[in-house]
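Encoded as structure tokens, the structure appears first; notes follow it.
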Number of protein chains: 2
Amino acid sequence: MEIINRIPRMISIARELRSEKRRIGFVPTMGALHEGHLELCARAREMCDTVIASVFVNPAQFGPNEDFEKYPRDLARDAELAFTKGVDLIFAPALDDIYPEGFSTYVTVEGLGDRLEGASRPGHFRGVTTVVNKLLNIVSPHFAFFGRKDAQQVILIKRMVRDLAMDVEIVVVPIVREEDGLALSSRNVYLSADERKAALVLKRALDRCRTLYNGGERDCSKLISSMRSVIESEPLARLDYLAITDTARLDALDTIPFDQPTLISLAVFLCDTRLIDNIVLNGEI
Amino acid sequence: MEIINRIPRMISIARELRSEKRRIGFVPTMGALHEGHLELCARAREMCDTVIASVFVNPAQFGPNEDFEKYPRDLARDAELAFTKGVDLIFAPALDDIYPEGFSTYVTVEGLGDRLEGASRPGHFRGVTTVVNKLLNIVSPHFAFFGRKDAQQVILIKRMVRDLAMDVEIVVVPIVREEDGLALSSRNVYLSADERKAALVLKRALDRCRTLYNGGERDCSKLISSMRSVIESEPLARLDYLAITDTARLDALDTIPFDQPTLISLAVFLCDTRLIDNIVLNGEI
């Protein structure tokens, strides 16, 4: 149990672990750990010999008007939680070490990164794939764990890893929800009591979609309009996007196919707080 | 001595070498090997336990009107030459393995990649940094060897490696020249006898610059205009660009500083064949 700040030390520990043939599991986070993250850690603990979690609030994936400044930060609490879940090492690099003077290299997944979240948050995924690429280079894990809550992020990272032949396997972990169905998110702490109640509308819309789907509905425009009416019934909620897409190209679908995984994803504002959620029909991403 | 085509096999061999603590040296090439490449191989042989050279003509670094189709290819000859110089393994992947269906991930070095060669060849460096990133992931060398002839390429790759914390050291090897001074290039084979003679104008211009510099001239506009007049004196030559820049940001300089390495670089067309050359004053890149 140790918190490592410097990149060269993290690299040398990771290389040493590799040479000892220990299987390294990696859980990259922006801190503000919740049960969703801890589920990633627990999964890594089951599968690997050494579990490393990173805590780095990555400015490159926040837009200019987003919540980088106010994003919750509490490394001591995060470390305690993570160590309780069996994490062996925390890697918490400084901003200037990840983005040194003159930093100018970016990793982008074209096409996939411009849709859904990418359309609402220009540059977001460039920031994500760049920092994840760098963290994977530093930690050199055998397995890296990501939550399916950020479905598009998972799809992009898997594509990056495949395209660049990175030597790591991406493990996707199901969404963890509060008892009432709200998907866990570090941003849930921003919600007022009223917004917290209203936030259930995301899950309700997705449940409506699944119910209709189970009843035989395959027409995406009907599914979307019925989800939209669920969102619109909640006065505190403002829909950002709502999409039914395939999981390989994130192309919008007209009809849900019977033999391909299909991603139903949405983003909703509760006042200033933007939440996302999704379900996958017919398989997994 | 073996030619490896498949990425998974190259990865597994490289990981095995790593775990045996052998130092891996890597020489990425597009084939059409000449003494310049062989110098890289020889340097790798001196420094490393296992030397791997790749042969891959990378379409992503050619522009639509460039010479991808006619670029010389002769793997058997390349392999023989490389093995003679002590290369242990050749990695010659197929196009579809490097760029599989749906490939969409690119590594770019912003700013640096848009200048000089990048301005004349839009997209060129995106292709270079993307494929080099992937090759480095596959081969996982301790050292990778590049010729200073492609000075801007070296500067970009060093930046990429630093920015993304890639676990490799870039070794820069001096330019190898024909006896009469022409820098070796796989594209020299395109030159007619007259163009071959005219091609000496690149080195003559650089020599003129160095002579003036040694005589105390520090004014870049004077140095450039005197190099330009050398190029213009050769009827078969057409100047593409000529620049005096620093080596960190590739910013054009007014005056050559006394304490910083300075790159003098140029590109010249001889009919349809585009050649580049450079010198570095006050140090190395």
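So you can find residues: chains in the structure tokens are A, B, ... in the order shown, residues in each start at 1, and ligands are numbered from 1 in order.
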- Message: What are the residues of chain A lining chain B at 9 Å or less? Count only C-alpha atoms, and put the answer as JSON, numbers by chain.
- Response: {"A": [7, 11, 18, 19, 20, 21, 98, 99, 100, 102, 103, 104, 105, 106, 107, 108, 109, 110, 111, 112, 130, 131, 133, 134, 135, 137, 138, 156, 159, 160, 161, 162, 163, 164, 165, 166, 167, 248, 249]}
Could those selected residues go to a file with N, CA and C atoms, as a short mmCIF file (atom, residue, chain, number, x, y, z; two decimals), in the first residue's frame?
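Writing done, so here's again_24.cif:
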data_model
loop_
_atom_site.label_atom_id
_atom_site.label_comp_id
_atom_site.auth_asym_id
_atom_site.auth_seq_id
_atom_site.Cartn_x
_atom_site.Cartn_y
_atom_site.Cartn_z
N ILE A 7 6.33 9.60 -12.23
CA ILE A 7 6.23 8.67 -13.36
C ILE A 7 7.40 7.68 -13.41
N ILE A 11 6.96 3.64 -13.41
CA ILE A 11 7.45 2.80 -14.51
C ILE A 11 8.37 1.72 -13.96
N ARG A 18 6.35 -6.79 -13.87
CA ARG A 18 6.29 -7.54 -15.13
C ARG A 18 7.36 -8.61 -15.18
N SER A 19 8.58 -8.21 -14.76
CA SER A 19 9.68 -9.17 -14.89
C SER A 19 9.53 -10.30 -13.86
N GLU A 20 8.79 -10.03 -12.79
CA GLU A 20 8.50 -11.10 -11.82
C GLU A 20 7.29 -11.92 -12.24
N LYS A 21 6.78 -11.63 -13.44
CA LYS A 21 5.63 -12.36 -14.01
C LYS A 21 4.35 -12.18 -13.18
N ILE A 98 2.24 14.75 -16.12
CA ILE A 98 1.47 14.16 -17.23
C ILE A 98 1.51 15.09 -18.44
N TYR A 99 1.41 16.38 -18.22
CA TYR A 99 1.44 17.36 -19.32
C TYR A 99 2.61 18.31 -19.12
N PRO A 100 3.83 17.86 -19.41
CA PRO A 100 4.98 18.73 -19.21
C PRO A 100 4.99 19.87 -20.24
N GLY A 102 5.48 22.07 -23.23
CA GLY A 102 5.64 21.69 -24.63
C GLY A 102 4.87 20.44 -25.02
N PHE A 103 4.05 19.92 -24.12
CA PHE A 103 3.27 18.72 -24.45
C PHE A 103 2.45 18.98 -25.71
N SER A 104 2.53 18.09 -26.69
CA SER A 104 1.78 18.36 -27.93
C SER A 104 1.35 17.10 -28.66
N THR A 105 1.38 15.96 -28.00
CA THR A 105 1.01 14.70 -28.65
C THR A 105 -0.39 14.27 -28.21
N TYR A 106 -1.23 13.97 -29.18
CA TYR A 106 -2.60 13.56 -28.86
C TYR A 106 -2.96 12.29 -29.61
N VAL A 107 -3.74 11.46 -28.93
CA VAL A 107 -4.24 10.23 -29.54
C VAL A 107 -5.73 10.41 -29.75
N THR A 108 -6.17 10.28 -30.99
CA THR A 108 -7.59 10.46 -31.29
C THR A 108 -8.13 9.23 -32.00
N VAL A 109 -9.39 8.91 -31.66
CA VAL A 109 -10.09 7.86 -32.39
C VAL A 109 -11.11 8.59 -33.26
N GLU A 110 -10.82 8.64 -34.54
CA GLU A 110 -11.64 9.48 -35.42
C GLU A 110 -13.01 8.86 -35.65
N GLY A 111 -13.98 9.72 -35.93
CA GLY A 111 -15.33 9.22 -36.18
C GLY A 111 -16.03 8.87 -34.89
N LEU A 112 -15.67 7.73 -34.31
CA LEU A 112 -16.26 7.29 -33.04
C LEU A 112 -16.23 8.36 -31.95
N THR A 130 -5.90 10.17 -24.98
CA THR A 130 -4.50 10.58 -24.79
C THR A 130 -4.01 10.20 -23.40
N VAL A 131 -4.79 10.53 -22.37
CA VAL A 131 -4.30 10.25 -21.02
C VAL A 131 -4.31 8.76 -20.73
N ASN A 133 -3.88 6.38 -22.92
CA ASN A 133 -2.71 5.85 -23.62
C ASN A 133 -1.45 6.03 -22.77
N LYS A 134 -1.29 7.24 -22.25
CA LYS A 134 -0.08 7.53 -21.46
C LYS A 134 -0.06 6.71 -20.18
N LEU A 135 -1.19 6.63 -19.48
CA LEU A 135 -1.24 5.86 -18.23
C LEU A 135 -0.94 4.38 -18.50
N ASN A 137 0.90 3.22 -20.89
CA ASN A 137 2.34 3.11 -21.14
C ASN A 137 3.13 3.08 -19.84
N ILE A 138 2.70 3.88 -18.88
CA ILE A 138 3.44 3.99 -17.62
C ILE A 138 3.24 2.73 -16.76
N LEU A 156 -14.23 3.41 -27.41
CA LEU A 156 -13.08 4.12 -27.97
C LEU A 156 -11.76 3.54 -27.47
N ARG A 159 -11.02 0.36 -29.11
CA ARG A 159 -10.57 0.59 -30.48
C ARG A 159 -9.12 1.06 -30.51
N MET A 160 -8.79 1.99 -29.63
CA MET A 160 -7.41 2.49 -29.57
C MET A 160 -6.44 1.34 -29.29
N VAL A 161 -6.78 0.52 -28.32
CA VAL A 161 -5.90 -0.59 -27.93
C VAL A 161 -5.71 -1.56 -29.09
N ARG A 162 -6.80 -1.85 -29.80
CA ARG A 162 -6.69 -2.73 -30.95
C ARG A 162 -5.88 -2.07 -32.06
N ASP A 163 -6.25 -0.83 -32.42
CA ASP A 163 -5.62 -0.16 -33.56
C ASP A 163 -4.11 0.01 -33.35
N LEU A 164 -3.71 0.37 -32.13
CA LEU A 164 -2.29 0.63 -31.86
C LEU A 164 -1.57 -0.60 -31.30
N ALA A 165 -2.25 -1.75 -31.29
CA ALA A 165 -1.64 -3.00 -30.81
C ALA A 165 -1.05 -2.83 -29.41
N MET A 166 -1.80 -2.14 -28.55
CA MET A 166 -1.31 -1.99 -27.18
C MET A 166 -1.48 -3.33 -26.46
N ASP A 167 -0.51 -3.64 -25.61
CA ASP A 167 -0.44 -4.98 -25.01
C ASP A 167 -1.21 -5.02 -23.70
N ALA A 248 -20.17 -0.91 -32.71
CA ALA A 248 -18.88 -0.91 -33.41
C ALA A 248 -18.58 0.47 -33.99
N ARG A 249 -19.59 1.09 -34.62
CA ARG A 249 -19.37 2.38 -35.27
C ARG A 249 -20.17 3.49 -34.63
#
- Identify, on the basis of only C-alpha atoms, every residue whose closest approach to Glu69 (chain A) does not exceed 10 Å; exclude the query and any residue fewer than 6 positions from it along the same chain; express the result as a PyMOL selection string. chain A and resi 57+59+62
- Message: Using only C-alpha atoms for the distances, tell me which of A:Ala193, A:Cys271, A:Leu200, A:Leu33 is nearest to Glu179 (chain A).
- Response: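 So, comparing all the options, the nearest one is A:Leu200.
For Ile24 (chain B), the list of residues within 10 Å, based on only C-alpha atoms and with local chain neighbours fewer than 6 positions off taken out, reads Ala14, Leu17, Arg18, Ala44, Arg45, Met47, Cys48, Asp49, Thr50, Val51, Ile52, Val139, Ser140, Pro141, His142, Phe143, Ala144 and Val168 of chain B.
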Keeping only N, CA and C atoms, write those residues as a PDB file, in the first residue's frame.
ATOM      1  N   ALA B  14       8.884 -10.690 -28.826  1.00  0.00           N
ATOM      2  CA  ALA B  14       9.465  -9.518 -28.155  1.00  0.00           C
ATOM      3  C   ALA B  14       9.283  -9.610 -26.636  1.00  0.00           C
ATOM      4  N   LEU B  17      11.783 -12.034 -25.282  1.00  0.00           N
ATOM      5  CA  LEU B  17      13.113 -11.422 -25.206  1.00  0.00           C
ATOM      6  C   LEU B  17      13.212 -10.497 -23.999  1.00  0.00           C
ATOM      7  N   ARG B  18      12.171  -9.702 -23.798  1.00  0.00           N
ATOM      8  CA  ARG B  18      12.137  -8.791 -22.639  1.00  0.00           C
ATOM      9  C   ARG B  18      12.273  -9.577 -21.343  1.00  0.00           C
ATOM     10  N   ALA B  44      22.606  -0.393 -33.847  1.00  0.00           N
ATOM     11  CA  ALA B  44      21.757  -1.219 -32.980  1.00  0.00           C
ATOM     12  C   ALA B  44      22.509  -2.485 -32.543  1.00  0.00           C
ATOM     13  N   ARG B  45      23.248  -3.070 -33.510  1.00  0.00           N
ATOM     14  CA  ARG B  45      24.031  -4.287 -33.218  1.00  0.00           C
ATOM     15  C   ARG B  45      25.026  -4.040 -32.086  1.00  0.00           C
ATOM     16  N   MET B  47      24.796  -1.819 -29.682  1.00  0.00           N
ATOM     17  CA  MET B  47      24.198  -1.422 -28.398  1.00  0.00           C
ATOM     18  C   MET B  47      23.271  -2.470 -27.789  1.00  0.00           C
ATOM     19  N   CYS B  48      22.839  -3.452 -28.591  1.00  0.00           N
ATOM     20  CA  CYS B  48      21.732  -4.310 -28.134  1.00  0.00           C
ATOM     21  C   CYS B  48      22.061  -5.793 -28.265  1.00  0.00           C
ATOM     22  N   ASP B  49      21.269  -6.623 -27.576  1.00  0.00           N
ATOM     23  CA  ASP B  49      21.440  -8.071 -27.662  1.00  0.00           C
ATOM     24  C   ASP B  49      20.707  -8.641 -28.870  1.00  0.00           C
ATOM     25  N   THR B  50      19.519  -8.107 -29.134  1.00  0.00           N
ATOM     26  CA  THR B  50      18.738  -8.586 -30.270  1.00  0.00           C
ATOM     27  C   THR B  50      18.348  -7.384 -31.118  1.00  0.00           C
ATOM     28  N   VAL B  51      18.571  -7.490 -32.412  1.00  0.00           N
ATOM     29  CA  VAL B  51      18.241  -6.388 -33.312  1.00  0.00           C
ATOM     30  C   VAL B  51      17.083  -6.812 -34.218  1.00  0.00           C
ATOM     31  N   ILE B  52      16.024  -6.014 -34.177  1.00  0.00           N
ATOM     32  CA  ILE B  52      14.849  -6.266 -35.003  1.00  0.00           C
ATOM     33  C   ILE B  52      14.689  -5.089 -35.955  1.00  0.00           C
ATOM     34  N   VAL B 139       6.893  -4.181 -30.957  1.00  0.00           N
ATOM     35  CA  VAL B 139       8.273  -4.681 -30.807  1.00  0.00           C
ATOM     36  C   VAL B 139       8.818  -4.424 -29.392  1.00  0.00           C
ATOM     37  N   SER B 140       8.267  -3.458 -28.695  1.00  0.00           N
ATOM     38  CA  SER B 140       8.667  -3.070 -27.328  1.00  0.00           C
ATOM     39  C   SER B 140      10.185  -3.039 -27.154  1.00  0.00           C
ATOM     40  N   PRO B 141      10.873  -2.266 -28.004  1.00  0.00           N
ATOM     41  CA  PRO B 141      12.332  -2.235 -27.913  1.00  0.00           C
ATOM     42  C   PRO B 141      12.808  -1.358 -26.756  1.00  0.00           C
ATOM     43  N   HIS B 142      14.031  -1.600 -26.329  1.00  0.00           N
ATOM     44  CA  HIS B 142      14.677  -0.685 -25.383  1.00  0.00           C
ATOM     45  C   HIS B 142      15.208   0.549 -26.118  1.00  0.00           C
ATOM     46  N   PHE B 143      15.709   0.326 -27.338  1.00  0.00           N
ATOM     47  CA  PHE B 143      16.249   1.424 -28.141  1.00  0.00           C
ATOM     48  C   PHE B 143      15.650   1.355 -29.546  1.00  0.00           C
ATOM     49  N   ALA B 144      15.308   2.511 -30.099  1.00  0.00           N
ATOM     50  CA  ALA B 144      14.883   2.559 -31.503  1.00  0.00           C
ATOM     51  C   ALA B 144      15.774   3.556 -32.228  1.00  0.00           C
ATOM     52  N   VAL B 168      11.001   3.683 -24.274  1.00  0.00           N
ATOM     53  CA  VAL B 168      12.002   3.396 -25.302  1.00  0.00           C
ATOM     54  C   VAL B 168      12.920   4.606 -25.391  1.00  0.00           C
TER      55      VAL B 168
END
- Task: Pull the strand (DSSP E) assignments for region 57-260 of chain B out of DSSP run on the backbone, and list those residues as an NGL selection string.
- Result: :B and (89-91 or 105-109 or 143-147 or 169-173 or 237-246)
- Message: List the spatial neighbours of Leu75 (chain A) as a PyMOL selection string - criterion: any atom at most 8 Å away, only C-alpha atoms, same-chain residues fewer than 4 positions off excluded.
- Response: chain A and resi 31+55+79
Kindly export the residues of the current selection with C-alpha atoms, as a compact mmCIF listing (two decimals), in the first residue's frame.
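Once written, again.txt looks like this:
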# COMPACT_ATOMS: atom_id res chain seq x y z
CA GLY A 31 -10.67 9.99 -7.89
CA VAL A 55 -6.10 9.05 -9.43
CA ALA A 79 -6.57 5.96 -1.15
- Of the listed residues A:Thr273, A:Phe145, A:Ile256, A:Ile175, that which approaches Lys70 (chain A) most closely, counting only C-alpha atoms: A:Thr273
- Between CA of Val201 (chain B) and CA of Leu270 (chain B), distance in Å (one decimal):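 Atom-to-atom, CA of Val201 (chain B) to CA of Leu270 (chain B), that is 10.0 Å.
Proximity ranking of A:Gly215, A:Pro257, A:Gly36, A:Pro28 relative to Ala183 (chain A) places A:Gly36 first, based on only C-alpha atoms.
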- Item | Distance of CA of Ala198 (chain A) from CA of Val230 (chain A), expressed in Å to one decimal place | 11.3 Å
